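Okay, structure first, notes after.
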Amino acid sequence: MANRSDRYADKVVLITGGGSGIGREMALQFGGEGATLVIADRHLEAAHETVDLLTTAGGSALAVLADVSVASQVDAMSQRALAEYGRVDILVNNAGLSVGDTVLDFDEAAWDLNLGVVLKAVYLTAHALLPQMIDRGSGVILNIASVNGMFAIGESAYSAAKAGMISLTGNLAIHYGDKGIRVNCIAPGTIKTPIWDERLTREPNAMDHIVPWYPLGRVGTPADVARAALFLCSDDAEWITGVTLPVDGGLTAGSYMFNRALQGVR
């Protein structure tokens, strides 16, 4: 992405799950606008790869190993960022995973894993980093949820965790707005990231079955989400908090395929 400005030149941005996919793209776009990045990931090599891309482009970045479902690792991640840069201005909770579909497909451990990485992590990172934001009287938290948290389309545990993330976003927003903290959420639709690689190897046309459900006629890219993130975290959105912004090509606007069926369109 071309550098449009230096609007993040004085900001330290911590992105969880920043080693690949949406997280990496957000990091590159924040870096392209001058931000200093902390890239946290449970795969340290992937985090270093993102850091290498940022530093090669002239940016400043730090890679940190962290499983964000584990309190001790989140605390260590946060303390490392604060020791290195003195503050975290923007926290992006992006790390996630999905295990299982219906409740009879997975066990308690899989349920706990989904809830831990997707939802508990938001509590842990907020608990660790909100105090220093409150002390400064400013800060932004952006949570990357999913359309799965807005309506039922499968992946029961993951979807429940994302719905919880959306609820927690609102509660954080109303509790800490008077401290100068804004908290928002992005709910992406289907985004073509490396998580799809294995399936596309087996089913090269898998995306073709999904595209017809999207009014805008395509699945999303990490850049679609990153551009929305840069807006919501910027001063351009200074009077926006507690919102969940679907970045989904119109998927949640209504049932496009149902409308086509009603009109007899095949």
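Residues in the structure tokens are numbered from 1 in each chain, the chains being A, B, ... in the order shown, and ligands are numbered from 1 in the order shown.
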
Please report as a Markdown table every residue of region 183-240 of chain A lying within 6 Å of region 247-252 of chain A, along with the nearest atom pair and their distance in Å (one decimal), using only C-alpha atoms.
| residue | atom | partner | partner_atom | distance |
| --- | --- | --- | --- | --- |
| A:Ala187 | CA | A:Val247 | CA | 5.9 |
| A:Pro188 | CA | A:Val247 | CA | 4.7 |
| A:Gly189 | CA | A:Asp248 | CA | 4.2 |
| A:Tyr214 | CA | A:Leu251 | CA | 5.3 |
| A:Pro215 | CA | A:Gly250 | CA | 5.5 |
| A:Leu216 | CA | A:Gly249 | CA | 5.2 |

Non-local contacts of Met165 (chain A) (9 Å; only C-alpha atoms; under 6 positions in same chain excluded) as a count of residues only = 9

key: For Arg136 (chain A): contacts at 12 Å, only C-alpha atoms, fewer than 6 positions along chain excluded, given as a PyMOL selection string   = chain A and resi 86-89+129-130+179-181

message = Set the distance at 12 Å and use only C-alpha atoms: which residues neighbour Gly217 (chain A) once local chain neighbours fewer than 4 positions away are removed? I'd like the list as a list in words.
response =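 Skipping anything fewer than 4 positions along the chain leaves Thr190, Met207, Asp208, His209, Ile210, Val211, Pro212, Trp213, Asp248, Gly249, Gly250, Leu251, Tyr256 and Met257 of chain A.
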
Pull C-alpha atoms from the residues just selected and write them as a CSV table (one decimal), in the first residue's frame.
chain,number,residue,atom,x,y,z
A,190,THR,CA,-14.9,-14.5,4.0
A,207,MET,CA,-14.3,-20.0,-3.3
A,208,ASP,CA,-16.5,-20.2,-6.3
A,209,HIS,CA,-19.3,-21.7,-4.2
A,210,ILE,CA,-19.0,-18.8,-1.7
A,211,VAL,CA,-18.9,-15.8,-4.0
A,212,PRO,CA,-22.6,-15.9,-5.1
A,213,TRP,CA,-23.6,-15.1,-1.5
A,248,ASP,CA,-18.3,-8.3,4.4
A,249,GLY,CA,-19.2,-7.3,0.9
A,250,GLY,CA,-22.8,-6.9,1.9
A,251,LEU,CA,-23.3,-10.4,3.3
A,256,TYR,CA,-28.9,-11.8,-1.3
A,257,MET,CA,-29.3,-15.4,-2.4

A:Leu124, A:Ala253, A:Leu14, A:Gly32 ranked by distance to Gln73 (chain A), top pick (using only C-alpha atoms) =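 Closest residue, counting only C-alpha atoms: A:Leu124.
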
Contacts of Leu82 (chain A) within 12 Å, only C-alpha atoms, excl. fewer than 2 positions in-chain, as an mmCIF file with C-alpha atoms, in the first residue's frame:
data_model
loop_
_atom_site.group_PDB
_atom_site.id
_atom_site.type_symbol
_atom_site.label_atom_id
_atom_site.label_comp_id
_atom_site.auth_asym_id
_atom_site.auth_seq_id
_atom_site.Cartn_x
_atom_site.Cartn_y
_atom_site.Cartn_z
ATOM 1 C CA VAL A 12 2.794 2.273 18.918
ATOM 2 C CA VAL A 13 0.486 -0.429 17.616
ATOM 3 C CA LEU A 14 0.386 -3.962 19.051
ATOM 4 C CA LEU A 37 4.646 -2.112 15.488
ATOM 5 C CA VAL A 38 4.688 -4.882 18.061
ATOM 6 C CA LEU A 62 9.355 -5.865 17.434
ATOM 7 C CA ASP A 75 1.503 -10.192 30.590
ATOM 8 C CA ALA A 76 5.015 -10.947 29.312
ATOM 9 C CA MET A 77 4.069 -9.688 25.835
ATOM 10 C CA SER A 78 2.663 -6.462 27.270
ATOM 11 C CA GLN A 79 5.617 -5.831 29.548
ATOM 12 C CA ARG A 80 8.031 -6.422 26.674
ATOM 13 C CA GLU A 84 10.764 -1.391 24.546
ATOM 14 C CA TYR A 85 8.556 1.555 23.582
ATOM 15 C CA GLY A 86 7.129 2.975 26.815
ATOM 16 C CA ARG A 87 3.501 2.664 25.765
ATOM 17 C CA VAL A 88 0.976 0.938 23.513
ATOM 18 C CA ASP A 89 -1.371 3.424 21.878
ATOM 19 C CA ALA A 128 -2.878 -5.915 30.717
ATOM 20 C CA LEU A 129 -2.802 -2.792 28.546
ATOM 21 C CA PRO A 131 -4.128 0.743 32.714
ATOM 22 C CA GLN A 132 -1.331 2.472 30.797
ATOM 23 C CA MET A 133 -3.868 3.844 28.294
#

ask   = Using the chain letters and numbers from this document, which residues of region 20-91 of chain A does DSSP assign to strand (DSSP E or B), as number ranges by chain?
value = A: 36-41, 60-65, 90-91

Writing out the chosen residues with C-alpha atoms as a PDB file, in the first residue's frame:
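Now in result-v9.pdb:
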ATOM      1  CA  THR A  36       5.841   1.494  15.314  1.00  0.00           C
ATOM      2  CA  LEU A  37       4.646  -2.112  15.488  1.00  0.00           C
ATOM      3  CA  VAL A  38       4.688  -4.882  18.061  1.00  0.00           C
ATOM      4  CA  ILE A  39       3.919  -8.140  16.274  1.00  0.00           C
ATOM      5  CA  ALA A  40       2.709 -10.846  18.646  1.00  0.00           C
ATOM      6  CA  ASP A  41       2.140 -14.377  17.423  1.00  0.00           C
ATOM      7  CA  SER A  60      10.379   0.007  13.387  1.00  0.00           C
ATOM      8  CA  ALA A  61       8.962  -3.244  14.747  1.00  0.00           C
ATOM      9  CA  LEU A  62       9.355  -5.865  17.434  1.00  0.00           C
ATOM     10  CA  ALA A  63       8.424  -9.559  17.288  1.00  0.00           C
ATOM     11  CA  VAL A  64       7.056 -11.179  20.449  1.00  0.00           C
ATOM     12  CA  LEU A  65       6.099 -14.796  21.080  1.00  0.00           C
ATOM     13  CA  ILE A  90      -3.397   0.970  19.804  1.00  0.00           C
ATOM     14  CA  LEU A  91      -4.176  -2.653  20.601  1.00  0.00           C
TER      15      LEU A  91
END

request  = Using DSSP on the backbone coordinates, identify the residues of region 12-253 of chain A assigned to helix (DSSP H, G or I); present them as a PyMOL selection string.
outcome  = chain A and resi 21-32+44-56+71-85+108-136+147-149+156-179+194-202+206-213+222-232+235-237+251-253

query = Using only C-alpha atoms, which of the listed residues (A:Asn148, A:Ser72, A:Ala66, A:Met26) sits closest to Thr50 (chain A)?
reply =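 Closest residue, counting only C-alpha atoms: A:Met26.
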
task = Would you please work out which residue, of A:Gly137, A:Pro204, A:His127, A:Val103, is nearest to Ser159 (chain A) when using only C-alpha atoms?
result =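 Among the listed residues, A:Val103 lies closest to Ser159 (chain A).
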
key: Non-local contacts of Thr193 (chain A) (7 Å; only C-alpha atoms; under 3 positions in same chain excluded) as a PyMOL selection string   = chain A and resi 21+196+222

Written file, previous selection with C-alpha atoms, as a JSON list (two decimals), in the first residue's frame:
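The result, stored in result-v6.json:
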[["chain", "number", "residue", "atom", "x", "y", "z"],
["A", 21, "GLY", "CA", -3.03, -13.05, 6.92],
["A", 196, "TRP", "CA", -7.64, -21.32, 3.03],
["A", 222, "PRO", "CA", -6.75, -8.81, 4.02]]

inquiry  = For a quick check of understanding, using only C-alpha atoms, which of A:Ala81, A:Leu97, A:Ala35, A:Leu172 has the smallest distance to Ile195 (chain A)?
reply    =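 Ranked by minimum distance to Ile195 (chain A), first place goes to A:Leu97.
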